[in-house]
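Take a look at the structure set out below.
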Amino acid sequence: MSERVAIAGAGLAGCLLATLLGRRGIEVTVYERRPDPRVAGAERGRSINLAVSARGLAALEQVGLKKQAIGRALPMHGRMVHPAGGAPNFQPYSADRERAINSISRSELNASLLDAAESTPGVTLRFGRRVTGVAGGRLLIDGEPGDPADVVLACDGAYSALRGSLDGIACDQDFLEHGYKELTVPPTAGGDFALDPDALHIWPRGTLMMIALPNLDRSFTCTLFWPKDDFTALGTPEKVRAHFEAHYPDVAGLMPDLTGDFARNPVGSLVTVRTLPWVRDAGGALVALVGDAAHAIVPFFGQGANCAFEDCIEIDRCLDETGGRWDRALALYQDRRKPNTDVIAEMALDNFVEMRDRVSSPAYRLKQAAQHALERRLAGRYVSRYELVSFTTVPYARIPGRIRRQNLILGAAASAGALATWTAVRATRRAVRGRGRPGP
Ligand code: FAD
């Protein structure tokens, strides 16, 4: 008998996974709590654009969407850092200045993935269905028994209702005191980008960081990452305007609707979710957590969606390796992915500090220039953490070890170099002294 497979959530992971499973000949039904966003428009309060990099593109390639995604993306080859009281400086992401992360519209990407899932034989999409649990081998839709299901894949995001309904899952939700709010820099009167579109812009202001990513309509979406209390402290349009003119003077004048955007747009939360196990026999079905439902991370490395896509590819691979045995495949999926998602969760938190504080320091810029010089000299042997995360598909869990080894080798090379130099200096000194000494 073939299993009845249900997916909760037609977001980024749910749609990709449905397409991959459909292609394997598996009948799968996807339940999405929202109306079809292709008809109803995108939901407010989600990030407008996403930085998609090597991992996400490799996954999209598996379902034939990479070319389309790249065609609609704006490449960002580096960071444009806007220091307080100084001129902006561009910091390329790669030593060769060729590599870029891609600013992609979340709603467009979701729509392409919905189209791909819908056109895959065996995949059915059901909108306006909120999955709340599983009982007696049936999905619960808004608490009421719905369709039977043997395998249920929870792709219902960071605040997964399905995860919450399961017993025996340890779940730690670690909220930052920071929230985020999005604002818009529209195109100039002449219809051009108001900032350089080839960069991810950062205004590092300690706890009051702002970033901006370009959109295809030549606007930028700015995201404020502030302690939540600081949003409420700016209670009037005058205070908002004055704050921006004081802290982000080069961009305040580019936001004609700053105060309206600030008042209208919600403050979102930033959470790291750590769960285990990801797979449970529950309510007569095998249930597995996927994407943000298993491991939501903060967005400071631009990896949450990339990482969720990797989960889907891994499930597909595990089904291959286990001859389609769901119990074994999902156990293997958890074993392989959990160490990786733990590592990227920590790196994402660490990158928050890098973006909001370190990027503007001269020492950071020197270190980055040195790293790039090493990457050029030791091509393929020395690769920075940023490049390993964003421009390769090296498993995240291998990255810290590789960085440690690279640093050890570098340290050894530096010491060997220093020793050689010291030995040469001593030999030269001896020779010089020897020449100056009277003969025997
Ligand atoms: P989601 O995209 O959240 O999809 C979940 C889906 O499930 C939604 O469609 C939702 O409506 C549906 N759903 C929810 N509950 C139910 C239910 N009970 N029943 C049925 N359906 C349900 N990642 C990057 O890679 N790059 C970035 O630049 C980046 N920037 C980000 C910026 C911000 C401000 C934030 C907050 C996140 C960012 N991320 C980024 C992370 C990325 O958005 C997530 O990791 C990604 O969306 C996870 O995909 P998912 O499919 O697991 O969850």
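Residues in the structure tokens are numbered from 1 in each chain, the chains being A, B, ... in the order shown, and ligands are numbered from 1 in the order shown.
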(request) Find the residues near Gly157 of chain A: any atom within 9 Å, counting only C-alpha atoms, skip ones fewer than 3 places away on the same chain, and give them as a ChimeraX atom specification. (result) /A:9,11,13,154,160-161,290-294,296
Report the closest atom pair, with its distance in Å rounded to one decimal, for each residue of chain A that has an atom no farther than 7 Å from ligand 1; count only C-alpha atoms and all ligand atoms, sort by chain and then rising residue number, and write it as CSV.
```
residue,atom,partner,partner_atom_place_in_ligand_line,distance
A:Ala8,CA,ligand 1,20 (C),4.7
A:Gly9,CA,ligand 1,7 (O),3.3
A:Ala10,CA,ligand 1,9 (O),4.7
A:Gly11,CA,ligand 1,4 (O),3.6
A:Leu12,CA,ligand 1,51 (O),3.9
A:Ala13,CA,ligand 1,51 (O),3.7
A:Gly14,CA,ligand 1,51 (O),5.5
A:Tyr31,CA,ligand 1,20 (C),5.3
A:Glu32,CA,ligand 1,21 (N),3.8
A:Arg33,CA,ligand 1,21 (N),4.1
A:Arg34,CA,ligand 1,11 (O),5.4
A:Arg46,CA,ligand 1,36 (C),6.6
A:Ser47,CA,ligand 1,34 (C),4.9
A:Asn49,CA,ligand 1,28 (O),6.7
A:Leu50,CA,ligand 1,28 (O),3.6
A:Ala51,CA,ligand 1,28 (O),3.6
A:Val52,CA,ligand 1,26 (N),5.5
A:Arg129,CA,ligand 1,20 (C),6.0
A:Arg130,CA,ligand 1,19 (N),3.6
A:Val131,CA,ligand 1,19 (N),3.9
A:Thr132,CA,ligand 1,18 (N),5.4
A:Cys155,CA,ligand 1,52 (O),5.2
A:Asp156,CA,ligand 1,7 (O),3.5
A:Gly157,CA,ligand 1,53 (O),3.8
A:Ala158,CA,ligand 1,3 (O),6.2
A:Ser160,CA,ligand 1,15 (N),5.7
A:Ala161,CA,ligand 1,18 (N),4.9
A:Leu162,CA,ligand 1,18 (N),6.4
A:Tyr180,CA,ligand 1,34 (C),6.4
A:Leu270,CA,ligand 1,36 (C),6.3
A:Val290,CA,ligand 1,52 (O),6.3
A:Gly291,CA,ligand 1,52 (O),3.6
A:Asp292,CA,ligand 1,52 (O),3.9
A:Ala293,CA,ligand 1,52 (O),5.9
A:Ala296,CA,ligand 1,45 (O),6.0
A:Ile297,CA,ligand 1,45 (O),6.8
A:Val298,CA,ligand 1,37 (C),6.8
A:Pro299,CA,ligand 1,31 (C),4.7
A:Gly302,CA,ligand 1,26 (N),3.5
A:Gln303,CA,ligand 1,25 (O),3.7
A:Gly304,CA,ligand 1,45 (O),3.2
A:Ala305,CA,ligand 1,25 (O),3.4
A:Asn306,CA,ligand 1,25 (O),4.4
A:Cys307,CA,ligand 1,25 (O),6.7
A:Ala308,CA,ligand 1,52 (O),5.6
```
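By chain and then residue number, the residues within 8 Å of Leu20 of chain A are Leu16, Leu17, Ala18, Gly22, Arg23, Arg24, Val63, Cys312, Ile313 and Asp316 of chain A, counting only C-alpha atoms and disregarding those fewer than 2 positions away in sequence.
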(request) Give me the residues within 6 Å of Ile7 of chain A as a VMD selection string, counting only C-alpha atoms and dropping any in the same chain fewer than 3 places off. (result) chain A and resid 30 152 to 153
Would you mind exporting the chosen residues as a PDB file, in the first residue's frame, restricted to C-alpha atoms?
```
ATOM      1  CA  VAL A  30      -0.610  20.245   0.731  1.00  0.00           C
ATOM      2  CA  VAL A 152       2.561  14.194   7.751  1.00  0.00           C
ATOM      3  CA  LEU A 153       5.319  16.689   6.979  1.00  0.00           C
TER       4      LEU A 153
END
```
(message) Going by DSSP on the backbone, which residues of segment 180-373 of chain A come out as helix (DSSP H, G or I)? List them as a VMD selection string.
(response) chain A and resid 228 to 233 237 to 247 249 to 252 258 to 264 292 to 295 299 to 301 304 to 321 326 to 356 358 to 360 362 to 373
Taking only residues of segment 65-98 of chain A that have an atom at most 10 Å from an atom of segment 385-403 of chain A, what is each one's shortest atom pair and its distance in Å to one decimal, using only C-alpha atoms, in chain and number order, as JSON lines?
```
{"residue": "A:Tyr93", "atom": "CA", "partner": "A:Glu387", "partner_atom": "CA", "distance": 7.3}
{"residue": "A:Ser94", "atom": "CA", "partner": "A:Glu387", "partner_atom": "CA", "distance": 6.8}
{"residue": "A:Ala95", "atom": "CA", "partner": "A:Glu387", "partner_atom": "CA", "distance": 9.3}
```
Convert the current residue selection to file output with C-alpha atoms, as a short mmCIF file (atom, residue, chain, number, x, y, z; two decimals), in the first residue's frame.
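selection.cif, freshly written:
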```
data_model
loop_
_atom_site.label_atom_id
_atom_site.label_comp_id
_atom_site.auth_asym_id
_atom_site.auth_seq_id
_atom_site.Cartn_x
_atom_site.Cartn_y
_atom_site.Cartn_z
CA TYR A 93 31.72 39.14 -0.58
CA SER A 94 34.36 37.17 -2.48
CA ALA A 95 38.02 37.59 -3.23
#
```
(request) Tell me which protein, DNA and RNA residues are within 7 Å of Arg205 of chain A, counting only C-alpha atoms, leaving out same-chain ones fewer than 3 positions away, and put them as a list in words. (result) Leu208, Met209, Arg356 and Asp357 of chain A
Show me a table, sorted first by chain and then by increasing residue number, of the residues of segment 215-291 of chain A having an atom at most 6 Å from segment 164-172 of chain A, each with its shortest atom pair and the distance in Å to one decimal, counting only C-alpha atoms and written as a tab-separated table.
```
residue	atom	partner	partner_atom	distance
A:Val273	CA	A:Asp172	CA	5.7
A:Arg274	CA	A:Asp172	CA	5.1
A:Thr275	CA	A:Cys171	CA	4.4
A:Leu276	CA	A:Ala170	CA	5.4
A:Pro277	CA	A:Ile169	CA	5.8
```
Residues from last step as file, C-alpha atoms, as a tab-separated table (two decimals), in the first residue's frame:
```
chain	number	residue	atom	x	y	z
A	273	VAL	CA	13.86	27.37	17.36
A	274	ARG	CA	15.71	24.28	18.58
A	275	THR	CA	13.70	21.05	18.61
A	276	LEU	CA	14.29	17.34	19.04
A	277	PRO	CA	13.20	14.83	17.93
```
Can you tell me which residues surround Gln371 of chain A at a distance of at most 9 Å, considering only C-alpha atoms, apart from same-chain residues fewer than 6 positions away, and format the answer as a compact mmCIF listing (two decimals) with all heavy atoms, in the first residue's frame?
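The new file result_35.txt reads:
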```
# COMPACT_ATOMS: atom_id res chain seq x y z
N ALA A 95 36.71 37.06 -2.87
CA ALA A 95 38.02 37.59 -3.23
C ALA A 95 38.05 38.03 -4.69
O ALA A 95 38.65 39.04 -5.02
CB ALA A 95 39.08 36.50 -2.99
N TYR A 382 42.17 27.93 1.08
CA TYR A 382 41.72 28.85 2.13
C TYR A 382 40.42 29.48 1.63
O TYR A 382 40.40 30.17 0.60
CB TYR A 382 42.76 29.94 2.41
CG TYR A 382 42.31 30.83 3.54
CD1 TYR A 382 42.64 30.56 4.86
CD2 TYR A 382 41.47 31.93 3.28
CE1 TYR A 382 42.18 31.36 5.90
CE2 TYR A 382 41.01 32.73 4.32
CZ TYR A 382 41.35 32.44 5.61
OH TYR A 382 40.87 33.21 6.64
N VAL A 383 39.31 29.21 2.32
CA VAL A 383 38.02 29.78 1.93
C VAL A 383 37.39 30.36 3.20
O VAL A 383 37.33 29.68 4.22
CB VAL A 383 37.09 28.70 1.31
CG1 VAL A 383 35.81 29.32 0.78
CG2 VAL A 383 37.79 27.93 0.20
N SER A 384 36.93 31.59 3.11
CA SER A 384 36.41 32.24 4.33
C SER A 384 35.07 31.62 4.74
O SER A 384 34.40 30.96 3.94
CB SER A 384 36.20 33.74 4.08
OG SER A 384 35.09 33.92 3.24
```
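The shortest atom-to-atom distance to Leu289 of chain A, with only C-alpha atoms taken into account, belongs to A:Leu330 out of A:Pro249, A:Thr188, A:Glu27, A:Leu330.
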